[in-house]
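Next up, my_file_33.cif (mmCIF, C-alpha atoms and all ligand atoms):
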```
data_final
loop_
_atom_site.label_atom_id
_atom_site.label_comp_id
_atom_site.auth_asym_id
_atom_site.auth_seq_id
_atom_site.Cartn_x
_atom_site.Cartn_y
_atom_site.Cartn_z
CA MET A 118 7.71 -12.74 -11.91
CA ARG A 119 6.02 -10.22 -9.64
CA THR A 120 2.29 -10.73 -9.11
CA PRO A 121 0.40 -7.45 -9.65
CA ILE A 122 -1.18 -6.10 -6.47
CA ILE A 123 -4.12 -3.69 -6.46
CA ALA A 124 -5.03 -2.38 -3.03
CA GLY A 125 -7.98 -0.23 -2.06
CA ASN A 126 -7.39 2.25 0.75
CA TRP A 127 -10.72 3.24 2.24
CA LYS A 128 -9.18 5.78 4.64
CA MET A 129 -11.69 6.83 7.35
CA ASN A 130 -14.76 5.74 5.39
CA LYS A 131 -17.38 2.97 5.73
CA ASN A 132 -18.93 1.52 8.87
CA PRO A 133 -19.25 -2.26 9.44
CA GLN A 134 -22.67 -2.43 7.68
CA GLU A 135 -21.38 -0.53 4.65
CA THR A 136 -18.36 -2.83 4.61
CA GLN A 137 -20.60 -5.91 4.61
CA ASP A 138 -22.72 -4.45 1.77
CA PHE A 139 -19.55 -3.80 -0.25
CA LEU A 140 -18.28 -7.34 0.35
CA ASP A 141 -21.64 -8.85 -0.65
CA SER A 142 -21.35 -6.96 -3.96
CA ILE A 143 -17.88 -8.24 -4.84
CA LYS A 144 -18.41 -11.85 -3.77
CA GLY A 145 -17.35 -14.31 -6.48
CA LYS A 146 -16.04 -11.53 -8.75
CA LEU A 147 -12.43 -11.09 -7.70
CA PRO A 148 -9.66 -12.19 -10.09
CA ASP A 149 -7.57 -15.33 -9.77
CA PRO A 150 -4.97 -14.33 -7.16
CA SER A 151 -2.17 -15.83 -9.23
CA GLN A 152 -3.01 -13.18 -11.87
CA VAL A 153 -3.78 -10.16 -9.67
CA GLU A 154 -3.70 -9.91 -5.89
CA SER A 155 -6.71 -7.97 -4.59
CA VAL A 156 -6.31 -6.16 -1.27
CA ILE A 157 -8.50 -3.87 0.81
CA ALA A 158 -7.11 -1.65 3.54
CA ALA A 159 -9.95 -0.63 5.83
CA PRO A 160 -10.51 1.18 9.13
CA ALA A 161 -9.85 -1.00 12.19
CA ILE A 162 -13.58 -1.33 13.00
CA ASP A 163 -14.21 -2.95 9.59
CA LEU A 164 -11.35 -5.47 9.60
CA ASN A 165 -13.28 -8.33 11.18
CA ALA A 166 -15.70 -8.45 8.24
CA LEU A 167 -12.82 -8.38 5.75
CA VAL A 168 -11.02 -11.24 7.49
CA TRP A 169 -14.16 -13.42 7.51
CA PHE A 170 -14.80 -12.68 3.84
CA SER A 171 -11.19 -13.53 2.94
CA LYS A 172 -11.60 -17.07 4.32
CA ASP A 173 -13.66 -18.00 1.22
CA GLU A 174 -12.70 -15.34 -1.30
CA PRO A 175 -9.36 -14.36 -2.93
CA LEU A 176 -9.05 -11.12 -0.98
CA LYS A 177 -6.01 -10.09 1.06
CA THR A 178 -6.66 -7.86 4.03
CA ALA A 179 -4.82 -4.81 5.26
CA ALA A 180 -4.96 -2.47 8.22
CA GLU A 181 -4.34 1.19 7.46
CA ASN A 182 -1.94 1.66 10.34
CA CYS A 183 -0.65 0.02 13.51
CA TYR A 184 1.58 0.89 16.44
CA PHE A 185 5.11 -0.47 16.78
CA GLU A 186 4.66 -2.00 20.24
CA ASP A 187 2.74 -5.26 20.63
CA GLU A 188 0.77 -4.21 23.71
CA GLY A 189 0.73 -1.81 26.63
CA ALA A 190 -0.49 1.58 27.78
CA PHE A 191 -0.93 3.19 24.35
CA THR A 192 -4.53 4.40 24.42
CA GLY A 193 -6.18 4.48 21.03
CA GLU A 194 -3.46 2.59 19.15
CA THR A 195 -3.80 -0.73 17.31
CA SER A 196 -1.51 -3.64 18.17
CA PRO A 197 0.31 -5.36 15.28
CA LYS A 198 0.26 -8.57 17.32
CA ALA A 199 -3.54 -8.41 17.61
CA LEU A 200 -3.89 -7.65 13.90
CA SER A 201 -1.76 -10.66 13.08
CA GLU A 202 -3.70 -12.92 15.43
CA MET A 203 -6.89 -11.70 13.79
CA GLY A 204 -5.58 -12.88 10.42
CA LEU A 205 -4.53 -9.68 8.67
CA ASN A 206 -2.03 -9.98 5.80
CA TYR A 207 -0.75 -6.41 5.34
CA VAL A 208 -0.47 -3.10 7.16
CA VAL A 209 -0.18 0.20 5.26
CA ILE A 210 2.45 2.41 6.86
CA GLY A 211 3.77 5.88 6.18
CA HIS A 212 0.76 7.15 4.24
CA SER A 213 1.23 10.87 3.60
CA GLU A 214 -1.97 11.62 5.56
CA ARG A 215 -0.43 9.95 8.61
CA ARG A 216 2.88 11.72 8.09
CA ASP A 217 1.17 15.12 7.65
CA TYR A 218 -1.79 15.04 10.07
CA PHE A 219 -0.38 12.73 12.75
CA HIS A 220 3.29 13.76 12.50
CA GLU A 221 4.63 10.26 11.86
CA THR A 222 8.36 10.29 11.28
CA ASP A 223 10.60 8.10 9.14
CA GLU A 224 11.83 6.55 12.38
CA ASP A 225 8.28 5.62 13.47
CA ILE A 226 7.63 4.07 10.07
CA ASN A 227 10.82 1.99 10.27
CA LYS A 228 9.83 0.75 13.75
CA LYS A 229 6.37 -0.15 12.44
CA ALA A 230 7.87 -2.07 9.49
CA LYS A 231 9.95 -4.14 11.92
CA ALA A 232 6.94 -4.75 14.20
CA ILE A 233 4.87 -5.89 11.21
CA PHE A 234 7.49 -8.44 10.14
CA LYS A 235 7.95 -9.61 13.72
CA ASN A 236 4.24 -10.40 13.70
CA ASN A 237 4.31 -12.28 10.38
CA MET A 238 2.50 -9.67 8.31
CA LEU A 239 3.83 -7.60 5.41
CA PRO A 240 4.10 -3.82 5.15
CA ILE A 241 2.83 -1.63 2.33
CA ILE A 242 5.29 1.23 2.76
CA CYS A 243 4.15 4.57 1.37
CA CYS A 244 6.46 7.29 0.14
CA GLY A 245 6.02 10.36 -2.01
CA GLU A 246 6.96 13.99 -2.48
CA SER A 247 5.01 17.24 -2.17
CA LEU A 248 4.45 19.50 -5.16
CA GLU A 249 6.97 21.93 -3.67
CA THR A 250 9.66 19.23 -3.53
CA ARG A 251 8.93 18.18 -7.13
CA GLU A 252 9.03 21.78 -8.34
CA ALA A 253 12.42 22.17 -6.65
CA GLY A 254 13.65 19.11 -8.61
CA LYS A 255 14.36 17.21 -5.39
CA GLU A 256 11.71 14.48 -5.68
CA VAL A 257 14.06 11.53 -6.29
CA GLU A 258 16.36 12.50 -3.42
CA TRP A 259 13.31 12.91 -1.15
CA VAL A 260 11.62 9.62 -2.01
CA VAL A 261 14.87 7.61 -1.93
CA GLY A 262 15.58 9.14 1.49
CA GLN A 263 12.15 8.00 2.75
CA ILE A 264 12.77 4.49 1.42
CA LYS A 265 16.24 4.21 2.95
CA ALA A 266 14.85 5.28 6.31
CA ALA A 267 11.86 2.95 6.16
CA LEU A 268 13.95 -0.10 5.21
CA ASN A 269 16.78 0.56 7.67
CA GLY A 270 17.75 -2.73 9.37
CA LEU A 271 15.37 -4.94 7.34
CA THR A 272 16.86 -8.04 5.73
CA ALA A 273 16.94 -8.64 1.97
CA ASP A 274 14.35 -11.38 2.44
CA GLN A 275 12.01 -8.99 4.25
CA VAL A 276 12.43 -6.29 1.60
CA SER A 277 11.78 -8.86 -1.14
CA LYS A 278 8.37 -9.53 0.41
CA SER A 279 7.53 -5.87 1.08
CA VAL A 280 5.30 -3.67 -1.02
CA ILE A 281 6.33 -0.06 -1.62
CA ALA A 282 3.67 2.45 -2.67
CA TYR A 283 4.88 5.55 -4.48
CA GLU A 284 2.24 8.20 -3.92
CA PRO A 285 3.10 11.76 -4.95
CA ILE A 286 1.19 13.88 -2.44
CA TRP A 287 0.04 16.30 -5.14
CA ALA A 288 -1.81 13.44 -6.87
CA ILE A 289 -3.65 12.01 -3.85
CA GLY A 290 -7.37 12.74 -3.82
CA THR A 291 -6.87 15.64 -6.20
CA GLY A 292 -7.95 13.99 -9.43
CA LYS A 293 -4.47 14.89 -10.71
CA THR A 294 -2.67 11.69 -11.71
CA ALA A 295 1.06 11.60 -12.28
CA SER A 296 1.52 10.67 -15.92
CA ALA A 297 2.27 7.00 -16.44
CA ASP A 298 5.81 8.03 -17.46
CA GLN A 299 6.32 10.12 -14.31
CA ALA A 300 5.05 7.24 -12.17
CA GLN A 301 7.27 4.74 -14.00
CA GLU A 302 10.33 6.99 -13.62
CA MET A 303 9.99 7.20 -9.84
CA CYS A 304 9.12 3.51 -9.42
CA HIS A 305 12.29 2.75 -11.40
CA GLU A 306 14.33 5.02 -9.12
CA ILE A 307 12.91 3.21 -6.08
CA ARG A 308 13.87 -0.17 -7.54
CA GLU A 309 17.38 1.16 -8.26
CA ALA A 310 17.63 2.37 -4.66
CA VAL A 311 16.65 -1.10 -3.39
CA LYS A 312 19.29 -2.61 -5.71
CA ASN A 313 21.96 -0.27 -4.31
CA LEU A 314 20.91 -0.92 -0.71
CA TYR A 315 20.52 -4.70 -1.14
CA ASP A 316 21.08 -6.58 -4.40
CA GLU A 317 19.65 -7.18 -7.85
CA GLN A 318 17.39 -10.06 -6.81
CA THR A 319 15.81 -8.11 -3.95
CA ALA A 320 15.13 -5.21 -6.33
CA GLU A 321 13.64 -7.66 -8.82
CA ASN A 322 11.35 -9.13 -6.14
CA VAL A 323 10.01 -6.06 -4.33
CA ARG A 324 6.62 -4.95 -5.58
CA ILE A 325 6.11 -1.24 -6.20
CA GLN A 326 2.67 0.33 -6.48
CA TYR A 327 1.71 3.73 -7.79
CA GLY A 328 -0.98 5.67 -5.93
CA GLY A 329 -2.62 8.99 -6.69
CA SER A 330 -6.01 9.27 -8.42
CA VAL A 331 -5.80 5.78 -9.94
CA LYS A 332 -9.15 4.86 -11.50
CA PRO A 333 -10.57 2.36 -13.98
CA ALA A 334 -9.80 4.77 -16.85
CA ASN A 335 -6.05 4.95 -16.19
CA VAL A 336 -5.20 1.68 -14.43
CA GLU A 337 -4.31 -0.24 -17.59
CA GLU A 338 -1.83 2.33 -18.84
CA LEU A 339 -0.16 2.60 -15.41
CA MET A 340 0.02 -1.18 -15.07
CA SER A 341 1.63 -1.51 -18.50
CA LYS A 342 4.79 0.18 -17.17
CA GLU A 343 7.75 -2.03 -16.37
CA ASP A 344 8.38 -0.98 -12.78
CA ILE A 345 4.75 -0.45 -11.71
CA ASP A 346 3.45 -3.63 -10.10
CA GLY A 347 0.21 -2.33 -8.70
CA GLY A 348 -1.91 0.51 -7.44
CA LEU A 349 -2.86 1.87 -4.04
CA VAL A 350 -6.25 3.39 -4.66
CA GLY A 351 -8.29 5.69 -2.43
CA GLY A 352 -11.41 7.28 -3.94
CA ALA A 353 -11.96 4.80 -6.77
CA SER A 354 -11.78 1.78 -4.43
CA MET A 355 -14.83 2.73 -2.41
CA ASP A 356 -17.49 1.78 -4.92
CA PRO A 357 -17.68 -2.01 -5.47
CA GLU A 358 -18.11 -1.75 -9.26
CA SER A 359 -15.14 0.55 -9.60
CA PHE A 360 -13.02 -1.66 -7.30
CA LEU A 361 -13.94 -4.70 -9.41
CA GLN A 362 -12.94 -2.90 -12.60
CA LEU A 363 -9.59 -2.02 -11.05
CA VAL A 364 -8.70 -5.50 -9.84
CA ASN A 365 -10.00 -7.04 -13.09
CA TYR A 366 -8.02 -4.59 -15.27
CA LYS A 367 -6.55 -7.51 -17.25
CA ASN A 368 -9.97 -8.73 -18.41
C1 LIG B 1 -4.61 6.93 -1.32
O1 LIG B 1 -5.53 6.93 -0.53
O2 LIG B 1 -3.54 6.42 -1.00
C2 LIG B 1 -4.82 7.53 -2.64
C3 LIG B 1 -3.88 7.40 -3.55
O3 LIG B 1 -6.00 8.19 -2.85
P1 LIG B 1 -6.68 8.55 -4.27
O4 LIG B 1 -6.65 7.31 -5.10
O5 LIG B 1 -8.06 8.99 -3.92
O6 LIG B 1 -5.84 9.64 -4.89
#
```
Please, can you express the file's structure as structure tokens?
Amino acid sequence: MRTPIIAGNWKMNKNPQETQDFLDSIKGKLPDPSQVESVIAAPAIDLNALVWFSKDEPLKTAAENCYFEDEGAFTGETSPKALSEMGLNYVVIGHSERRDYFHETDEDINKKAKAIFKNNMLPIICCGESLETREAGKEVEWVVGQIKAALNGLTADQVSKSVIAYEPIWAIGTGKTASADQAQEMCHEIREAVKNLYDEQTAENVRIQYGGSVKPANVEELMSKEDIDGGLVGGASMDPESFLQLVNYKN
């Protein structure tokens, strides 16, 4: 049985004080982690507060990015080793904003996935097609290609523990959600790709999120789909009440 995983992605929003205010508002209100895993991915400057909060509360913590080297002359980058030592659980990699604005390649994302495992954290690996690719009918080929590249060289055990986030670019921050059926279809294709690359058990284990304008009004329908194990949520994760409604979607 895969435990559902709802992750907020704050992007480049909230300073440490705003983060603390948010955490104060959700204290004692997160679901039982055996029912739903609650995660927040926050800017690097806010991670310390998240880690402290997670010592007493059922929150898992995520960085929004890291570099693939542990240390060295890489000005402005964040070390996966330092994130791990700080107590982080996950790192989001391959978000479409990082691929588009910061020119991250499939190869970079694969190196980051390996660095994250080496440092005993887990990756949330994002993939997703543009509207142009979908309109050309090439979305499955595109997304499966991204997944193959990201997982290259990872073991079945590592892939079993990974989280994959399917986020069609045309649905991110646009208010345009993929229909629950469209989201299910692609999440199913991703699971099939993992089965072909590894084996049935690995495909059964890997958790696949949908991301793209997920909100309290549509989370239940999306989560009712067989191959959708969670959501990666931008806009609707920033307000504490909305985040609580998302993670408590079962109640
Ligand atoms: C995201 O940040 O990954 C995302 C899916 O954003 P939004 O929920 O705002 O579409």
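Proximity to ligand LIG 1 (chain B) was assessed for A:Pro121, A:Gly329, A:Gly262, A:Pro357 counting all atoms listed in the file; the smallest distance is recorded for A:Gly329.
Restricting the calculation to only C-alpha atoms, the smallest distance between A:Val311 and any of A:Val156, A:Val350, A:Ala161, A:Ala266 is found for A:Ala266.
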Exercise. If you count all atoms listed in the file, which residues fall within 12 Å of A:Ile286, apart from same-chain ones fewer than 3 positions away, as JSON, numbers by chain?
Worked result: {"A": [212, 213, 214, 215, 216, 217, 243, 244, 245, 246, 247, 248, 249, 250, 251, 256, 260, 282, 283, 289, 290, 291, 292, 293, 294, 295, 327, 328, 329, 330]}
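Between A:Leu363 and the candidates A:Lys131, A:Lys235, A:Lys146, A:His220, the tightest atom-to-atom separation, counting only C-alpha atoms, involves A:Lys146.
Non-sequential neighbours of A:Trp169 (distance at most 12 Å, separation of 5 or more positions within a chain, only C-alpha atoms) are Thr136, Gln137, Leu140, Asp141, Asp163, Leu164, Glu174, Pro175, Leu176, Lys177, Thr178, Met203, Gly204 and Leu205 of chain A.
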